[in-house]
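Peer 1: Dropping a structure here in structure tokens format, bear with me for questions.
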Amino acid sequence: MDNCVFCKIVRGEIPATVVHQDELTVAFMDIGSVNPGHMLVAAKPHVENIQGMDDRLAAAMFRTAARVARAAEQVLHPQGISIYQANGKAAGQTVFHAHIHVLPRWENDGMEFTWPVKNPPREALEKVAAQLRAAL
Ligand code: AMP
Ligand code: ZN
């Protein structure tokens with residue numbers, strides 16, 4: 001993945017402010033930080049999205065997110081921490097190398113997220129859940 005910006009960070013070819021790394025993940029400061037302490041946890045292997053993670057990588061990603069979130073809690077004392085992870089353009093992904101945002105939050109920090117609740121009937125939930133169970 002020669003031209004992937006996060007692969008370049010993993011390989012140390014471009015600068016990054018690294019907070020933590022282990023065998024499978026690296027956590028670094030988001031260059032476009034929304035709030036102080038905004039970090040990204042990226043997979044070391046190039047996988048585009050969460051669908052591309054095997055169980056081991058998925059577990060390692062969330063373990064690192066939890067670790068750096070605990071550090072952010074200690075250091076910055078945020079009022080909350082959001083975890084944000086986008087897969088695909090329609091979901092807001094702009095860098096197509098899987099990563100998790102760990103974002104310290106404060107009241108009225110300007111972050112907005114609309115959640116257009118549809119309240120579908122139980123039958124609709126049952127139908128899609130049955131399809132999903134069959135796919136697992
Ligand atoms: P997403 O929209 O979830 O794909 O987010 C991509 C994030 O990567 C954005 O928040 C960018 O600010 C961040 N980003 C892009 N390039 C770099 C870089 N070289 N170093 C650190 N963060 C980056
Ligand atoms: Zn990559």
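In the structure tokens, chains take the letters A, B, ... in the order shown, each chain's residues start at 1, and ligands count up from 1 in the order shown.
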Determine, counting only C-alpha atoms, which protein, DNA and RNA residues have an atom within 12 Å of an atom of Arg67 of chain A; residues of the same chain fewer than 3 positions away are not included. Present the result as a CSV table (one decimal) with C-alpha atoms, in the first residue's frame.
Peer 2:
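Okay, this is what ended up in selection.csv:
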chain,number,residue,atom,x,y,z
A,19,VAL,CA,1.2,7.9,21.7
A,20,HIS,CA,1.3,4.1,21.9
A,21,GLN,CA,2.0,1.1,19.7
A,22,ASP,CA,2.1,-2.6,19.9
A,25,THR,CA,-1.8,-1.2,16.3
A,26,VAL,CA,-0.5,2.4,16.5
A,27,ALA,CA,-2.1,5.3,18.3
A,39,MET,CA,-6.2,10.3,18.8
A,41,VAL,CA,-5.9,4.1,16.6
A,60,ALA,CA,-6.2,-5.4,19.4
A,61,MET,CA,-7.8,-2.3,18.0
A,62,PHE,CA,-10.3,-1.9,20.8
A,63,ARG,CA,-7.7,-2.8,23.4
A,64,THR,CA,-5.5,0.0,22.2
A,70,ARG,CA,-7.8,5.7,29.9
A,71,ALA,CA,-4.7,7.9,29.4
A,72,ALA,CA,-6.8,10.7,28.0
A,73,GLU,CA,-9.1,10.5,31.0
A,74,GLN,CA,-6.1,10.8,33.4
A,102,VAL,CA,-10.7,8.4,20.4
Peer 1: Write out, as a tab-separated table, each residue of chain A that has an atom at most 7 Å from ligand 2, together with the closest pair of atoms and their distance in Å to one decimal, counting only C-alpha atoms and all ligand atoms, rows going by chain and rising number.
Peer 2:
residue	atom	partner	partner_atom_place_in_ligand_line	distance
A:Met1	CA	ligand 2	1 (Zn)	5.6
A:Cys4	CA	ligand 2	1 (Zn)	4.5
A:Val5	CA	ligand 2	1 (Zn)	6.4
A:Phe6	CA	ligand 2	1 (Zn)	5.0
A:Cys7	CA	ligand 2	1 (Zn)	3.9
A:His46	CA	ligand 2	1 (Zn)	4.1
A:Val47	CA	ligand 2	1 (Zn)	6.6
A:His97	CA	ligand 2	1 (Zn)	4.6
Peer 1: Next, the residues of the selection above should be written as a PDB file, in the first residue's frame with C-alpha atoms.
Peer 2:
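Output below, filename result_4.pdb:
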ATOM      1  CA  MET A   1       0.000   0.000   0.000  1.00  0.00           C
ATOM      2  CA  CYS A   4      -1.705   4.958   1.869  1.00  0.00           C
ATOM      3  CA  VAL A   5      -1.061   7.748   4.394  1.00  0.00           C
ATOM      4  CA  PHE A   6      -1.550   5.532   7.459  1.00  0.00           C
ATOM      5  CA  CYS A   7       0.675   2.797   6.002  1.00  0.00           C
ATOM      6  CA  HIS A  46      -3.358  -2.374   5.785  1.00  0.00           C
ATOM      7  CA  VAL A  47      -7.037  -3.200   6.103  1.00  0.00           C
ATOM      8  CA  HIS A  97      -7.075   2.462   6.172  1.00  0.00           C
TER       9      HIS A  97
END
Peer 1: Pick out the closest residue to Val95 of chain A from this set: A:Met111, A:Ala135, A:Leu125, A:Ala42. Count only C-alpha atoms.
Peer 2: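 That would be A:Ala42, the residue with the smallest distance to Val95 of chain A.
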Peer 1: Quick one: everything within 9 Å of segment 105-107 of chain A, counting only C-alpha atoms, minus sequence neighbours fewer than 3 positions away in the same chain. Send it as number ranges by chain.
Peer 2: A: 35-36, 78-82, 110-111
Peer 1: Within 9 Å of segment 30-34 of chain A, counting only C-alpha atoms, which residues show up once you throw out same-chain ones fewer than 3 positions away? Write them as a list of chain:residue names, please.
Peer 2: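 Close residues of segment 30-34 of chain A: A:Ala16, A:Thr17, A:Gly37, A:His38, A:Met39, A:Leu40, A:His101, A:Leu103, A:Pro104, A:Asp109, A:Gly110, A:Met111.
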Peer 1: Closest to ligand 1 among A:Glu48, A:Glu23, A:Asp54, A:Asp2, using only C-alpha atoms and all ligand atoms?
Peer 2: A:Glu48
Peer 1: Where does DSSP see alpha helix (DSSP H) in chain A, if you list the residues as a VMD selection string?
Peer 2: chain A and resid 5 to 10 55 to 76 122 to 135
Peer 1: Running DSSP on the backbone, which parts of segment 43-116 of chain A land in strand (DSSP E), as a PyMOL selection string?
Peer 2: chain A and resi 43+80-84+99-105
Peer 1: Measuring atom to atom with only C-alpha atoms, identify which of A:Leu24, A:Met53, A:Ala134, A:Val18 is nearest to Val68 of chain A.
Peer 2: A:Val18
Peer 1: Grab the atom CA of Ile100 of chain A to atom CA of Ile9 of chain A distance for me, in Å with one decimal place.
Peer 2: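 Distance between the two atoms: 15.1 Å.
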Peer 1: Between atom 7 (C, counted along the ligand's line) of ligand 1 and atom CA of Gly12 of chain A, measure the distance and give it in Å to one decimal.
Peer 2: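 Those two atoms sit 17.4 Å apart.
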Peer 1: Work out how far apart atom CA of Asn87 of chain A and atom 13 (C, counted along the ligand's line) of ligand 1 are and give it in Å to one decimal.
Peer 2: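 Taking atom CA of Asn87 of chain A as the start and atom 13 (C, counted along the ligand's line) of ligand 1 as the end point, the length is 14.0 Å.
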